[in-house]
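Note: the block below is entry25.cif and it holds mmCIF, C-alpha atoms.
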```cif
data_upload
#
loop_
_atom_site.group_PDB
_atom_site.id
_atom_site.type_symbol
_atom_site.label_atom_id
_atom_site.label_comp_id
_atom_site.auth_asym_id
_atom_site.auth_seq_id
_atom_site.Cartn_x
_atom_site.Cartn_y
_atom_site.Cartn_z
ATOM 1 C CA MET A 1110 0.000 0.000 0.000
ATOM 2 C CA THR A 1111 1.343 3.398 -0.905
ATOM 3 C CA ASP A 1112 0.081 6.884 -0.089
ATOM 4 C CA ALA A 1113 -2.233 5.537 2.612
ATOM 5 C CA VAL A 1114 -3.884 8.024 4.933
ATOM 6 C CA LEU A 1115 -5.095 7.298 8.440
ATOM 7 C CA GLU A 1116 -8.470 9.009 8.673
ATOM 8 C CA LYS A 1117 -9.259 8.206 12.273
ATOM 9 C CA HIS A 1118 -7.592 6.539 15.238
ATOM 10 C CA SER A 1119 -9.610 5.365 18.220
ATOM 11 C CA ALA A 1120 -8.032 4.156 21.433
ATOM 12 C CA ILE A 1121 -9.677 1.114 22.952
ATOM 13 C CA GLN A 1122 -10.104 0.832 26.715
ATOM 14 C CA ALA A 1123 -10.289 -2.668 28.242
ATOM 15 C CA VAL A 1124 -12.837 -2.444 31.067
ATOM 16 C CA SER A 1125 -14.928 -4.661 33.312
ATOM 17 C CA VAL A 1126 -18.654 -4.905 32.694
ATOM 18 C CA ALA A 1127 -19.307 -2.849 35.848
ATOM 19 C CA ASP A 1128 -17.016 -0.068 34.570
ATOM 20 C CA PHE A 1129 -18.569 -0.269 31.104
ATOM 21 C CA LEU A 1130 -22.045 0.238 32.544
ATOM 22 C CA THR A 1131 -20.978 3.547 34.149
ATOM 23 C CA LYS A 1132 -19.767 5.063 30.868
ATOM 24 C CA SER A 1133 -21.712 7.599 28.827
ATOM 25 C CA ASP A 1134 -23.221 6.537 25.525
ATOM 26 C CA SER A 1135 -20.847 7.352 22.671
ATOM 27 C CA ASN A 1136 -20.106 6.097 19.164
ATOM 28 C CA ASP A 1137 -16.639 7.661 19.373
ATOM 29 C CA ILE A 1138 -15.213 5.779 22.360
ATOM 30 C CA TYR A 1139 -14.422 2.073 22.075
ATOM 31 C CA TYR A 1140 -14.307 -0.421 24.928
ATOM 32 C CA GLU A 1141 -13.069 -3.990 25.097
ATOM 33 C CA LEU A 1142 -15.105 -6.473 27.117
ATOM 34 C CA THR A 1143 -14.236 -10.079 27.869
ATOM 35 C CA GLY A 1144 -16.713 -12.372 29.531
ATOM 36 C CA GLU A 1145 -18.870 -15.464 29.427
ATOM 37 C CA ILE A 1146 -21.879 -15.699 27.144
ATOM 38 C CA THR A 1147 -24.862 -16.417 29.400
ATOM 39 C CA SER A 1148 -27.541 -16.313 26.704
ATOM 40 C CA ILE A 1149 -27.884 -15.893 22.958
ATOM 41 C CA ALA A 1150 -30.933 -13.726 22.339
ATOM 42 C CA LYS A 1151 -30.816 -13.620 18.529
ATOM 43 C CA GLU A 1152 -28.220 -15.874 16.890
ATOM 44 C CA GLU A 1153 -28.494 -14.453 13.351
ATOM 45 C CA TYR A 1154 -27.362 -11.000 14.490
ATOM 46 C CA GLY A 1155 -25.196 -12.009 17.446
ATOM 47 C CA ASN A 1156 -27.330 -10.473 20.174
ATOM 48 C CA ILE A 1157 -25.990 -11.927 23.426
ATOM 49 C CA TYR A 1158 -25.757 -11.427 27.168
ATOM 50 C CA LEU A 1159 -22.186 -11.184 28.435
ATOM 51 C CA LYS A 1160 -21.034 -11.384 32.050
ATOM 52 C CA ASP A 1161 -17.797 -11.160 33.958
ATOM 53 C CA ALA A 1162 -17.123 -11.215 37.706
ATOM 54 C CA SER A 1163 -18.407 -7.623 38.023
ATOM 55 C CA GLY A 1164 -21.751 -7.837 36.226
ATOM 56 C CA GLU A 1165 -23.699 -8.538 33.049
ATOM 57 C CA THR A 1166 -24.644 -6.525 29.963
ATOM 58 C CA TYR A 1167 -26.514 -6.969 26.709
ATOM 59 C CA VAL A 1168 -24.610 -6.899 23.414
ATOM 60 C CA TYR A 1169 -26.719 -5.665 20.519
ATOM 61 C CA GLY A 1170 -25.173 -7.624 17.658
ATOM 62 C CA ILE A 1171 -21.651 -8.836 16.906
ATOM 63 C CA LEU A 1172 -20.024 -7.784 13.647
ATOM 64 C CA PRO A 1173 -17.353 -9.935 11.952
ATOM 65 C CA GLY A 1174 -15.260 -6.795 11.379
ATOM 66 C CA TYR A 1175 -15.354 -3.008 11.323
ATOM 67 C CA GLY A 1176 -17.602 -1.592 8.622
ATOM 68 C CA ALA A 1177 -19.673 -4.726 7.984
ATOM 69 C CA VAL A 1178 -22.993 -3.839 6.352
ATOM 70 C CA GLY A 1179 -26.081 -5.614 5.038
ATOM 71 C CA ASP A 1180 -25.969 -9.408 5.065
ATOM 72 C CA ALA A 1181 -22.278 -9.315 6.059
ATOM 73 C CA LYS A 1182 -23.486 -8.309 9.548
ATOM 74 C CA LYS A 1183 -25.268 -11.641 9.992
ATOM 75 C CA GLY A 1184 -24.086 -15.100 10.993
ATOM 76 C CA MET A 1185 -21.085 -14.472 13.293
ATOM 77 C CA ILE A 1186 -22.318 -16.842 15.995
ATOM 78 C CA ALA A 1187 -22.788 -19.815 13.661
ATOM 79 C CA ALA A 1188 -19.678 -19.091 11.576
ATOM 80 C CA LYS A 1189 -17.412 -19.135 14.633
ATOM 81 C CA GLY A 1190 -19.252 -21.935 16.451
ATOM 82 C CA ILE A 1191 -19.947 -19.651 19.413
ATOM 83 C CA LYS A 1192 -22.260 -20.980 22.115
ATOM 84 C CA VAL A 1193 -23.542 -20.242 25.611
ATOM 85 C CA GLY A 1194 -20.743 -20.729 28.154
ATOM 86 C CA ASP A 1195 -17.974 -19.604 25.794
ATOM 87 C CA THR A 1196 -15.695 -16.744 26.790
ATOM 88 C CA ILE A 1197 -15.655 -13.957 24.211
ATOM 89 C CA THR A 1198 -13.752 -10.717 23.702
ATOM 90 C CA LEU A 1199 -15.487 -7.874 21.875
ATOM 91 C CA ARG A 1200 -14.742 -4.245 21.081
ATOM 92 C CA GLY A 1201 -17.548 -1.764 20.729
ATOM 93 C CA ASN A 1202 -19.305 1.351 21.929
ATOM 94 C CA LYS A 1203 -21.504 2.028 24.944
ATOM 95 C CA GLY A 1204 -25.103 2.649 24.002
ATOM 96 C CA SER A 1205 -28.544 2.151 25.459
ATOM 97 C CA HIS A 1206 -32.035 1.206 24.387
ATOM 98 C CA LYS A 1207 -35.096 2.417 26.296
ATOM 99 C CA GLY A 1208 -32.850 3.314 29.234
ATOM 100 C CA SER A 1209 -31.053 -0.050 29.374
ATOM 101 C CA PRO A 1210 -27.286 0.000 28.773
ATOM 102 C CA GLN A 1211 -25.783 -2.207 26.086
ATOM 103 C CA MET A 1212 -22.726 -2.654 23.908
ATOM 104 C CA VAL A 1213 -23.365 -1.536 20.329
ATOM 105 C CA ASN A 1214 -21.253 -1.747 17.163
ATOM 106 C CA ALA A 1215 -19.525 -4.744 18.750
ATOM 107 C CA VAL A 1216 -16.755 -6.341 16.710
ATOM 108 C CA TYR A 1217 -15.591 -9.895 17.334
ATOM 109 C CA VAL A 1218 -11.990 -10.198 18.588
ATOM 110 C CA SER A 1219 -11.721 -13.791 19.851
ATOM 111 C CA HIS A 1220 -13.409 -16.521 21.851
ATOM 112 C CA THR A 1221 -12.621 -19.754 23.631
ATOM 113 C CA SER A 1222 -15.042 -22.609 23.963
ATOM 114 C CA LYS A 1223 -15.910 -24.093 27.304
#
```
Have the structure of the file written as structure tokens, please.
Amino acid sequence: MTDAVLEKHSAIQAVSVADFLTKSDSNDIYYELTGEITSIAKEEYGNIYLKDASGETYVYGILPGYGAVGDAKKGMIAAKGIKVGDTITLRGNKGSHKGSPQMVNAVYVSHTSK
């Protein structure tokens, strides 16, 4: 690659679920969460519940990579063989829906099966 230009750099903060839940909603700040999947709410889109020793949060969809759109946003759970009880690491933003906090724009980093 030649003449590449970095348009945006975003630092990622690794935090506990409890810390994540105290953050303000923002699409500009990225957090890394690692925890156990306690429930898969909607497999096609990767909607899950994630918990660590400090608490639990909802993850509104898991993307296979930054910038995924359309049908490319679907199928992460099945493609990676992810299931309840697995430990997963995600990077995303803090958002909320109807007053309930959640991780949004989550991008898959890694997971280990139980």
- Would you kindly translate the PyMOL selection byres ((chain A and resi 1192) around 10) into the concrete residues it picks from this file, as a PyMOL selection string? chain A and resi 1145-1149+1152+1157+1186-1187+1189-1191+1193-1197+1220-1223
Residues matched by the PyMOL selection byres ((chain A and resi 1123-1134) around 7) as a PDB file with C-alpha atoms, in the frame of the given file:
```pdb
ATOM      1  CA  ILE A1121      -9.677   1.114  22.952  1.00  0.00           C
ATOM      2  CA  GLN A1122     -10.104   0.832  26.715  1.00  0.00           C
ATOM      3  CA  SER A1135     -20.847   7.352  22.671  1.00  0.00           C
ATOM      4  CA  TYR A1140     -14.307  -0.421  24.928  1.00  0.00           C
ATOM      5  CA  GLU A1141     -13.069  -3.990  25.097  1.00  0.00           C
ATOM      6  CA  LEU A1142     -15.105  -6.473  27.117  1.00  0.00           C
ATOM      7  CA  LYS A1160     -21.034 -11.384  32.050  1.00  0.00           C
ATOM      8  CA  ASP A1161     -17.797 -11.160  33.958  1.00  0.00           C
ATOM      9  CA  SER A1163     -18.407  -7.623  38.023  1.00  0.00           C
ATOM     10  CA  GLY A1164     -21.751  -7.837  36.226  1.00  0.00           C
ATOM     11  CA  GLU A1165     -23.699  -8.538  33.049  1.00  0.00           C
ATOM     12  CA  THR A1166     -24.644  -6.525  29.963  1.00  0.00           C
ATOM     13  CA  LYS A1203     -21.504   2.028  24.944  1.00  0.00           C
ATOM     14  CA  GLY A1204     -25.103   2.649  24.002  1.00  0.00           C
ATOM     15  CA  SER A1205     -28.544   2.151  25.459  1.00  0.00           C
ATOM     16  CA  PRO A1210     -27.286   0.000  28.773  1.00  0.00           C
TER      17      PRO A1210
END
```
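If you look at atom CA of A:Leu1159 and atom CA of A:Gly1179, they are 24.4 Å away from each other.
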Identify the residues within 12 Å of coordinate (-28.8, -9.9, 18.4) (same frame as the file), considering all atoms listed in the file, and give the answer as a JSON list (two decimals) with C-alpha atoms, in the frame of the given file.
```json
[["chain", "number", "residue", "atom", "x", "y", "z"],
["A", 1148, "SER", "CA", -27.54, -16.31, 26.70],
["A", 1149, "ILE", "CA", -27.88, -15.89, 22.96],
["A", 1150, "ALA", "CA", -30.93, -13.73, 22.34],
["A", 1151, "LYS", "CA", -30.82, -13.62, 18.53],
["A", 1152, "GLU", "CA", -28.22, -15.87, 16.89],
["A", 1153, "GLU", "CA", -28.49, -14.45, 13.35],
["A", 1154, "TYR", "CA", -27.36, -11.00, 14.49],
["A", 1155, "GLY", "CA", -25.20, -12.01, 17.45],
["A", 1156, "ASN", "CA", -27.33, -10.47, 20.17],
["A", 1157, "ILE", "CA", -25.99, -11.93, 23.43],
["A", 1158, "TYR", "CA", -25.76, -11.43, 27.17],
["A", 1167, "TYR", "CA", -26.51, -6.97, 26.71],
["A", 1168, "VAL", "CA", -24.61, -6.90, 23.41],
["A", 1169, "TYR", "CA", -26.72, -5.66, 20.52],
["A", 1170, "GLY", "CA", -25.17, -7.62, 17.66],
["A", 1171, "ILE", "CA", -21.65, -8.84, 16.91],
["A", 1172, "LEU", "CA", -20.02, -7.78, 13.65],
["A", 1182, "LYS", "CA", -23.49, -8.31, 9.55],
["A", 1183, "LYS", "CA", -25.27, -11.64, 9.99],
["A", 1184, "GLY", "CA", -24.09, -15.10, 10.99],
["A", 1185, "MET", "CA", -21.08, -14.47, 13.29],
["A", 1186, "ILE", "CA", -22.32, -16.84, 16.00],
["A", 1211, "GLN", "CA", -25.78, -2.21, 26.09],
["A", 1212, "MET", "CA", -22.73, -2.65, 23.91],
["A", 1213, "VAL", "CA", -23.36, -1.54, 20.33],
["A", 1214, "ASN", "CA", -21.25, -1.75, 17.16],
["A", 1215, "ALA", "CA", -19.52, -4.74, 18.75]]
```
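Counting all atoms listed in the file, the residue from A:Gly1176, A:Ala1120, A:Ala1188, A:Arg1200 that sits nearest to A:Gly1144 is A:Arg1200.
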Taking all atoms of stretch 1191-1194 of chain A that appear in the file, build a box with edges along x, y and z, extend it by 3 Å on every side, and state its centre and edge lengths in Å to one decimal, as AutoDock Vina command-line options.
```
--center_x -21.7 --center_y -20.3 --center_z 23.8 --size_x 9.6 --size_y 7.3 --size_z 14.7
```
